>>> print(open('entry_36.csv').read())   # CSV, C-alpha atoms
chain,number,residue,atom,x,y,z
B,1,MET,CA,99.2,56.7,155.3
B,2,ALA,CA,97.1,59.0,157.4
B,3,ASP,CA,98.9,60.4,160.4
B,4,LYS,CA,96.9,60.1,163.6
B,5,LYS,CA,98.7,62.7,165.5
B,6,ILE,CA,97.3,66.2,165.3
B,7,LYS,CA,99.8,68.5,163.6
B,8,ASN,CA,100.2,72.2,164.0
B,9,VAL,CA,99.4,73.7,160.6
B,10,PHE,CA,100.1,77.2,161.6
B,11,ARG,CA,103.2,79.2,160.7
B,12,GLN,CA,103.9,82.7,162.0
B,13,GLY,CA,103.8,85.3,159.1
B,14,ALA,CA,103.9,84.7,155.4
B,15,ILE,CA,104.9,81.3,153.9
B,16,SER,CA,108.1,81.9,151.9
B,17,SER,CA,108.8,80.7,148.4
B,18,GLU,CA,112.0,79.0,149.9
B,19,PHE,CA,109.8,77.0,152.3
B,20,ILE,CA,107.6,75.9,149.4
B,21,GLY,CA,110.5,75.1,147.2
B,22,ASN,CA,112.1,73.0,150.0
B,23,SER,CA,108.9,71.1,150.5
B,24,ILE,CA,108.9,70.2,146.8
B,25,ALA,CA,112.5,69.1,147.0
B,26,LYS,CA,111.9,66.9,150.0
B,27,HIS,CA,109.6,64.7,147.9
B,28,GLN,CA,112.2,63.7,145.4
B,29,THR,CA,113.0,60.7,147.6
B,30,LYS,CA,109.3,59.5,147.4
B,31,THR,CA,109.5,57.9,144.0
B,32,SER,CA,106.1,56.2,144.0
B,33,ILE,CA,104.7,59.7,143.5
B,34,GLY,CA,103.9,60.6,139.9
B,35,ALA,CA,101.9,63.8,140.4
B,36,HIS,CA,101.9,66.8,142.8
B,37,ASN,CA,99.4,69.5,143.0
B,38,ILE,CA,99.8,72.7,144.9
B,39,PHE,CA,97.4,75.5,146.0
B,40,LEU,CA,98.9,78.8,147.2
B,41,GLY,CA,96.5,81.3,148.7
B,42,GLN,CA,97.8,84.9,148.3
B,43,VAL,CA,96.7,88.0,150.0
B,44,ARG,CA,94.9,90.2,147.6
B,45,ALA,CA,95.1,94.0,147.7
B,46,ASP,CA,91.3,94.5,147.4
B,47,VAL,CA,90.1,98.1,147.0
B,48,ILE,CA,87.0,98.8,149.2
B,49,GLU,CA,85.5,102.2,149.1
B,50,ASN,CA,88.7,103.7,147.7
B,51,LYS,CA,90.9,102.1,150.4
B,52,THR,CA,93.4,99.4,149.5
B,53,VAL,CA,94.0,96.3,151.7
B,54,SER,CA,97.7,96.3,152.5
B,55,ALA,CA,97.8,93.1,154.7
B,56,ILE,CA,95.7,90.6,156.5
B,57,GLU,CA,96.3,89.8,160.1
B,58,TYR,CA,95.3,86.2,160.8
B,59,THR,CA,94.1,84.8,164.1
B,60,ALA,CA,92.5,81.4,164.8
B,61,TYR,CA,90.9,79.3,167.4
B,62,GLU,CA,94.1,77.2,167.1
B,63,ASP,CA,93.1,74.0,169.0
B,64,MET,CA,89.8,73.7,167.1
B,65,ALA,CA,91.4,74.8,163.8
B,66,ASN,CA,94.2,72.1,164.1
B,67,ALA,CA,91.5,69.5,164.9
B,68,LYS,CA,89.5,70.6,161.8
B,69,PHE,CA,92.6,70.5,159.6
B,70,HIS,CA,93.2,67.0,161.0
B,71,ASP,CA,89.7,65.9,160.1
B,72,ILE,CA,90.1,67.3,156.6
B,73,ARG,CA,93.3,65.4,156.2
B,74,GLU,CA,91.7,62.1,157.4
B,75,ALA,CA,88.8,62.7,155.0
B,76,ALA,CA,91.1,63.4,152.1
B,77,PHE,CA,93.1,60.3,152.7
B,78,GLU,CA,89.9,58.3,153.0
B,79,LYS,CA,88.4,59.7,149.8
B,80,PHE,CA,91.5,59.9,147.5
B,81,GLU,CA,94.5,57.7,146.8
B,82,LEU,CA,97.1,60.1,148.2
B,83,THR,CA,100.7,59.4,149.0
B,84,CYS,CA,101.0,62.4,151.2
B,85,MET,CA,99.6,65.8,151.9
B,86,HIS,CA,100.7,68.9,153.7
B,87,ILE,CA,98.8,72.0,154.8
B,88,TYR,CA,100.4,75.2,156.2
B,89,HIS,CA,98.4,78.3,157.1
B,90,SER,CA,99.7,81.7,158.3
B,91,LEU,CA,99.0,83.4,161.6
B,92,GLY,CA,99.8,87.1,162.2
B,93,THR,CA,100.4,89.6,159.5
B,94,VAL,CA,100.7,88.7,155.9
B,95,ASN,CA,101.2,91.5,153.4
B,96,ALA,CA,99.4,91.8,150.1
B,97,GLY,CA,101.1,89.6,147.5
B,98,GLU,CA,102.4,87.2,150.1
B,99,ILE,CA,101.3,83.6,150.6
B,100,CYS,CA,99.0,82.7,153.5
B,101,LEU,CA,98.0,79.2,152.6
B,102,PHE,CA,100.0,76.3,151.2
B,103,VAL,CA,98.3,73.0,150.4
B,104,PHE,CA,100.4,70.3,148.8
B,105,VAL,CA,99.0,66.9,147.7
B,106,SER,CA,100.9,64.0,146.0
B,107,SER,CA,99.7,60.8,144.4
B,108,PRO,CA,100.9,58.2,142.0
B,109,ARG,CA,98.6,59.6,139.4
B,110,ARG,CA,97.5,63.0,138.2
B,111,LYS,CA,93.7,62.8,138.2
B,112,VAL,CA,93.5,62.3,141.9
B,113,VAL,CA,95.5,65.3,142.9
B,114,PHE,CA,93.2,67.8,141.0
B,115,LYS,CA,90.1,66.5,142.8
B,116,ALA,CA,91.8,66.1,146.2
B,117,LEU,CA,93.2,69.6,146.2
B,118,GLU,CA,89.9,71.3,145.4
B,119,PHE,CA,88.2,69.2,148.1
B,120,ILE,CA,90.8,70.1,150.7
B,121,VAL,CA,90.9,73.9,149.9
B,122,GLU,CA,87.1,74.2,149.9
B,123,ALA,CA,86.9,72.3,153.2
B,124,ILE,CA,89.5,74.6,154.8
B,125,LYS,CA,87.6,77.7,153.7
B,126,ALA,CA,84.3,76.4,155.1
B,127,ASP,CA,85.2,74.5,158.2
B,128,VAL,CA,88.3,75.9,159.9
B,129,PRO,CA,88.0,78.7,162.4
B,130,VAL,CA,90.6,81.1,161.1
B,131,PHE,CA,89.8,84.9,161.2
B,132,GLY,CA,91.2,87.6,159.0
B,133,LYS,CA,91.5,91.3,159.7
B,134,GLU,CA,92.0,93.2,156.5
B,135,ILE,CA,94.3,96.1,157.2
B,136,PHE,CA,94.0,99.1,154.9
B,137,GLU,CA,96.8,101.5,154.0
B,138,ASP,CA,95.4,104.1,156.4
B,139,GLU,CA,95.5,101.5,159.2
B,140,SER,CA,91.8,101.2,159.5
B,141,HIS,CA,90.4,97.7,159.1
B,142,GLN,CA,87.5,95.4,158.3
B,143,TRP,CA,87.0,91.7,158.8
B,144,LYS,CA,87.3,89.3,156.0
B,145,VAL,CA,84.5,86.8,155.3
B,146,ASN,CA,85.0,83.8,153.0
B,147,SER,CA,82.5,83.7,150.2
W,1,MET,CA,77.6,76.8,186.7
W,2,LEU,CA,80.7,78.7,186.0
W,3,ILE,CA,81.6,78.6,182.3
W,4,THR,CA,84.6,79.9,180.4
W,5,ILE,CA,84.0,81.5,177.0
W,6,LYS,CA,86.6,82.4,174.4
W,7,TYR,CA,86.0,85.2,171.9
W,8,PHE,CA,87.7,85.7,168.5
W,9,GLY,CA,88.1,88.3,165.8
W,10,GLN,CA,85.4,90.9,165.6
W,11,ILE,CA,83.6,89.2,168.5
W,12,ALA,CA,86.6,89.9,170.8
W,13,GLU,CA,86.4,93.5,169.5
W,14,VAL,CA,82.9,93.8,170.9
W,15,THR,CA,83.6,92.1,174.2
W,16,GLN,CA,87.0,93.8,174.6
W,17,LYS,CA,88.5,90.6,175.8
W,18,GLU,CA,89.5,87.2,174.4
W,19,GLU,CA,88.2,85.1,177.3
W,20,GLU,CA,86.1,85.3,180.4
W,21,SER,CA,84.4,83.2,183.0
W,22,LEU,CA,80.8,83.9,183.9
W,23,GLU,CA,78.0,82.4,185.9
W,24,PHE,CA,75.4,80.7,183.7
W,25,SER,CA,72.2,79.3,185.1
W,26,GLY,CA,70.5,78.2,181.9
W,27,ALA,CA,70.9,75.0,179.9
W,28,LEU,CA,71.0,75.7,176.2
W,29,VAL,CA,73.2,77.6,173.8
W,30,SER,CA,70.3,79.9,172.9
W,31,GLU,CA,70.0,80.9,176.6
W,32,LEU,CA,73.7,81.6,176.8
W,33,ILE,CA,73.4,83.8,173.7
W,34,GLU,CA,70.5,85.8,175.3
W,35,GLN,CA,72.7,86.3,178.4
W,36,LEU,CA,75.6,87.6,176.3
W,37,TYR,CA,73.3,89.9,174.3
W,38,GLU,CA,72.3,91.5,177.6
W,39,LYS,CA,75.9,92.0,178.6
W,40,TYR,CA,77.1,93.0,175.1
W,41,THR,CA,74.3,94.8,173.2
W,42,LEU,CA,76.5,95.2,170.1
W,43,LEU,CA,76.8,91.4,169.8
W,44,LYS,CA,73.2,91.5,168.3
W,45,ASN,CA,74.6,93.1,165.2
W,46,LYS,CA,77.3,90.4,164.7
W,47,ASP,CA,77.2,87.1,162.9
W,48,PHE,CA,78.8,84.3,164.9
W,49,LYS,CA,78.6,80.6,165.7
W,50,VAL,CA,79.0,78.9,169.0
W,51,ALA,CA,81.5,76.0,169.5
W,52,GLN,CA,81.6,73.7,172.4
W,53,ASN,CA,84.4,71.2,172.9
W,54,GLN,CA,85.8,72.4,169.5
W,55,GLU,CA,82.6,71.4,167.6
W,56,LEU,CA,80.0,73.8,166.3
W,57,ALA,CA,76.9,73.8,168.5
W,58,THR,CA,73.3,74.6,167.6
W,59,LEU,CA,70.9,76.8,169.5
W,60,GLU,CA,69.5,73.6,171.2
W,61,THR,CA,72.8,72.2,172.3
W,62,LEU,CA,73.2,71.7,176.0
W,63,ILE,CA,75.9,73.7,177.6
W,64,SER,CA,78.3,71.4,179.5
W,65,GLY,CA,80.6,74.2,180.7
W,66,ASN,CA,83.6,73.1,178.7
W,67,ASP,CA,85.5,74.9,176.0
W,68,ILE,CA,82.8,77.4,174.8
W,69,ALA,CA,83.8,79.8,172.0
W,70,LEU,CA,82.1,82.4,169.9
W,71,LEU,CA,83.3,82.3,166.4
W,72,PRO,CA,82.8,85.1,163.8
W,73,PRO,CA,82.7,84.2,160.1
W,74,PHE,CA,85.6,82.1,158.9
W,75,ALA,CA,88.2,83.7,156.7
W,76,GLY,CA,90.9,81.1,156.2
W,77,GLY,CA,93.0,80.8,153.1
>>> encode(input="entry_36.csv", output="structure tokens")
Amino acid sequence: MADKKIKNVFRQGAISSEFIGNSIAKHQTKTSIGAHNIFLGQVRADVIENKTVSAIEYTAYEDMANAKFHDIREAAFEKFELTCMHIYHSLGTVNAGEICLFVFVSSPRRKVVFKALEFIVEAIKADVPVFGKEIFEDESHQWKVNS
Amino acid sequence: MLITIKYFGQIAEVTQKEEESLEFSGALVSELIEQLYEKYTLLKNKDFKVAQNQELATLETLISGNDIALLPPFAGG
């Protein structure tokens, strides 16, 4: 089921709950699926030295990032019995409380989707060249680093 | 050889540009980094990886002149 064409994972701005809801609805026709699992990354209003993060501005090395997302996709299909998977990541400004990453995996059975989702999200955090500028309320900034 | 380098995130803040072409007479990634340290002293304080042809390179990777990028720490998700 793996798709060989490299997709563009990026969306401008936050990923809306309508978009996520519609993605779920679209799978109602795929009746071999018995289990979905969804990861939503949300921008946290971290407080650093008394300053609160109000948004993250995402940039990426888009060509390499899409190639890495593709590799992760292929690896996930190889490793797990998945019916389909979708990844969307924001670019540009995402305010605290909004969604910046949406990963959606589906399989005939539940146990697979728990493992697959963790594998995919951890790989995204480690391997994909996406950069995040944490903007504070006073408009100063620092650069986010995945831990 | 003339090579083109892309800069991202906090690295682009140091270089004040997102891309440039420069003349490189060395062979290895380590030599390119030395050359960039001379041009941009503040880069020495930054953590970054080098990618070539959209794959991470090591210090010993040979520069082919294609698609070089300096990548600060990843922050996806």
>>> interface_residues(input="entry_36.csv", of="chain B", to="chain W", cutoff="9 Å", atoms="all atoms listed in the file", output="PyMOL selection string")
chain B and resi 40-43+58-61+63-65+67-68+89-90+100-102+121+124-133+142-147
>>> closest_residue(input="entry_36.csv", among="W:Glu60, W:Gly65, W:Lys44, W:Ala27", to="Ile11 of chain W", atoms="only C-alpha atoms")
W:Lys44
>>> atom_distance(input="entry_36.csv", atom1="atom CA of Thr58 of chain W", atom2="atom CA of Thr4 of chain W")
17.9 Å
>>> residues_around(input="entry_36.csv", residues="Ile48 of chain B", least_positions_apart="3", cutoff="12 Å", atoms="all atoms listed in the file", output="list in words")
Arg44, Ala45, Lys51, Thr52, Val53, Ser54, Glu134, Ile135, Phe136, Glu137, Ser140, His141, Gln142, Trp143 and Lys144 of chain B
>>> atom_distance(input="entry_36.csv", atom1="atom CA of Val14 of chain W", atom2="atom CA of Met1 of chain W")
23.8 Å
>>> atom_distance(input="entry_36.csv", atom1="atom CA of Leu36 of chain W", atom2="atom CA of Ile56 of chain B")
28.4 Å
>>> closest_residue(input="entry_36.csv", among="B:Gly34, B:Asp138, B:Phe39, B:His86", to="Arg109 of chain B", atoms="all atoms listed in the file")
B:Gly34
>>> residues_near_point(input="entry_36.csv", point="(83.2, 80.8, 180.2)", cutoff="6 Å", atoms="only C-alpha atoms", output="PDB file with C-alpha atoms, in the frame of the given file")
ATOM      1  CA  ILE W   3      81.600  78.600 182.300  1.00  0.00           C
ATOM      2  CA  THR W   4      84.600  79.900 180.400  1.00  0.00           C
ATOM      3  CA  ILE W   5      84.000  81.500 177.000  1.00  0.00           C
ATOM      4  CA  GLU W  20      86.100  85.300 180.400  1.00  0.00           C
ATOM      5  CA  SER W  21      84.400  83.200 183.000  1.00  0.00           C
ATOM      6  CA  LEU W  22      80.800  83.900 183.900  1.00  0.00           C
TER       7      LEU W  22
END
>>> residues_near_point(input="entry_36.csv", point="(109.3, 72.7, 148.3)", cutoff="12 Å", atoms="all atoms listed in the file", output="list of chain:residue names")
B:Ile15, B:Ser16, B:Ser17, B:Glu18, B:Phe19, B:Ile20, B:Gly21, B:Asn22, B:Ser23, B:Ile24, B:Ala25, B:Lys26, B:His27, B:Gln28, B:His36, B:Asn37, B:Ile38, B:His86, B:Phe102, B:Val103, B:Phe104, B:Val105
>>> decode(input="entry_36.csv", residues="segment 91-104 of chain B", atoms="all heavy atoms", output="tab-separated table (two decimals), in the first residue's frame")
chain	number	residue	atom	x	y	z
B	91	LEU	N	3.93	24.68	8.66
B	91	LEU	CA	5.00	25.65	8.41
B	91	LEU	C	4.43	27.01	8.77
B	91	LEU	O	3.21	27.20	8.73
B	91	LEU	CB	5.41	25.66	6.94
B	91	LEU	CG	6.31	24.55	6.44
B	91	LEU	CD1	6.65	24.80	4.97
B	91	LEU	CD2	7.58	24.41	7.25
B	92	GLY	N	5.32	27.96	9.07
B	92	GLY	CA	4.84	29.29	9.43
B	92	GLY	C	4.41	29.33	10.89
B	92	GLY	O	4.80	28.47	11.68
B	93	THR	N	3.59	30.31	11.21
B	93	THR	CA	3.27	30.56	12.62
B	93	THR	C	2.13	29.69	13.13
B	93	THR	O	1.06	29.62	12.51
B	93	THR	CB	2.90	32.05	12.79
B	93	THR	OG1	3.98	32.83	12.29
B	93	THR	CG2	2.66	32.41	14.26
B	94	VAL	N	2.37	29.04	14.26
B	94	VAL	CA	1.33	28.27	14.94
B	94	VAL	C	1.28	28.77	16.38
B	94	VAL	O	2.28	28.73	17.10
B	94	VAL	CB	1.63	26.75	14.90
B	94	VAL	CG1	0.51	25.97	15.58
B	94	VAL	CG2	1.82	26.27	13.46
B	95	ASN	N	0.13	29.27	16.79
B	95	ASN	CA	0.00	29.84	18.13
B	95	ASN	C	-0.06	28.75	19.20
B	95	ASN	O	-0.45	27.61	18.91
B	95	ASN	CB	-1.28	30.68	18.22
B	95	ASN	CG	-1.21	31.90	17.32
B	95	ASN	OD1	-0.15	32.52	17.19
B	95	ASN	ND2	-2.32	32.22	16.68
B	96	ALA	N	0.30	29.12	20.42
B	96	ALA	CA	0.21	28.20	21.54
B	96	ALA	C	-1.22	27.66	21.61
B	96	ALA	O	-2.19	28.42	21.44
B	96	ALA	CB	0.58	28.91	22.83
B	97	GLY	N	-1.33	26.36	21.80
B	97	GLY	CA	-2.65	25.74	21.88
B	97	GLY	C	-3.14	25.20	20.55
B	97	GLY	O	-4.10	24.43	20.50
B	98	GLU	N	-2.47	25.58	19.46
B	98	GLU	CA	-2.87	25.07	18.14
B	98	GLU	C	-2.05	23.84	17.76
B	98	GLU	O	-0.98	23.58	18.33
B	98	GLU	CB	-2.70	26.18	17.07
B	98	GLU	CG	-3.66	27.33	17.27
B	98	GLU	CD	-3.55	28.42	16.20
B	98	GLU	OE1	-2.43	28.65	15.68
B	98	GLU	OE2	-4.57	29.05	15.91
B	99	ILE	N	-2.56	23.12	16.76
B	99	ILE	CA	-1.94	21.86	16.34
B	99	ILE	C	-0.92	22.10	15.22
B	99	ILE	O	-1.23	22.76	14.23
B	99	ILE	CB	-3.02	20.86	15.86
B	99	ILE	CG1	-4.05	20.59	16.96
B	99	ILE	CG2	-2.38	19.54	15.38
B	99	ILE	CD1	-3.51	19.99	18.24
B	100	CYS	N	0.27	21.51	15.41
B	100	CYS	CA	1.34	21.69	14.42
B	100	CYS	C	1.74	20.37	13.75
B	100	CYS	O	2.45	20.38	12.75
B	100	CYS	CB	2.56	22.31	15.09
B	100	CYS	SG	3.13	21.37	16.51
B	101	LEU	N	1.31	19.25	14.33
B	101	LEU	CA	1.64	17.95	13.74
B	101	LEU	C	0.44	17.01	13.89
B	101	LEU	O	-0.13	16.91	14.98
B	101	LEU	CB	2.86	17.33	14.44
B	101	LEU	CG	3.23	15.88	14.06
B	101	LEU	CD1	3.60	15.75	12.59
B	101	LEU	CD2	4.36	15.35	14.94
B	102	PHE	N	0.08	16.37	12.80
B	102	PHE	CA	-1.05	15.45	12.78
B	102	PHE	C	-0.59	14.17	12.10
B	102	PHE	O	-0.21	14.19	10.92
B	102	PHE	CB	-2.20	16.12	11.99
B	102	PHE	CG	-3.39	15.25	11.67
B	102	PHE	CD1	-3.79	14.19	12.49
B	102	PHE	CD2	-4.16	15.52	10.53
B	102	PHE	CE1	-4.90	13.42	12.17
B	102	PHE	CE2	-5.27	14.76	10.21
B	102	PHE	CZ	-5.64	13.70	11.03
B	103	VAL	N	-0.54	13.10	12.87
B	103	VAL	CA	-0.16	11.79	12.32
B	103	VAL	C	-1.32	10.84	12.54
B	103	VAL	O	-1.88	10.77	13.64
B	103	VAL	CB	1.11	11.23	13.01
B	103	VAL	CG1	1.51	9.89	12.37
B	103	VAL	CG2	2.26	12.21	12.93
B	104	PHE	N	-1.70	10.14	11.49
B	104	PHE	CA	-2.92	9.34	11.50
B	104	PHE	C	-2.59	7.97	10.89
B	104	PHE	O	-2.21	7.90	9.72
B	104	PHE	CB	-3.95	10.10	10.63
B	104	PHE	CG	-5.35	9.56	10.61
B	104	PHE	CD1	-5.74	8.45	11.34
B	104	PHE	CD2	-6.31	10.21	9.84
B	104	PHE	CE1	-7.04	7.98	11.31
B	104	PHE	CE2	-7.62	9.75	9.79
B	104	PHE	CZ	-7.99	8.63	10.53
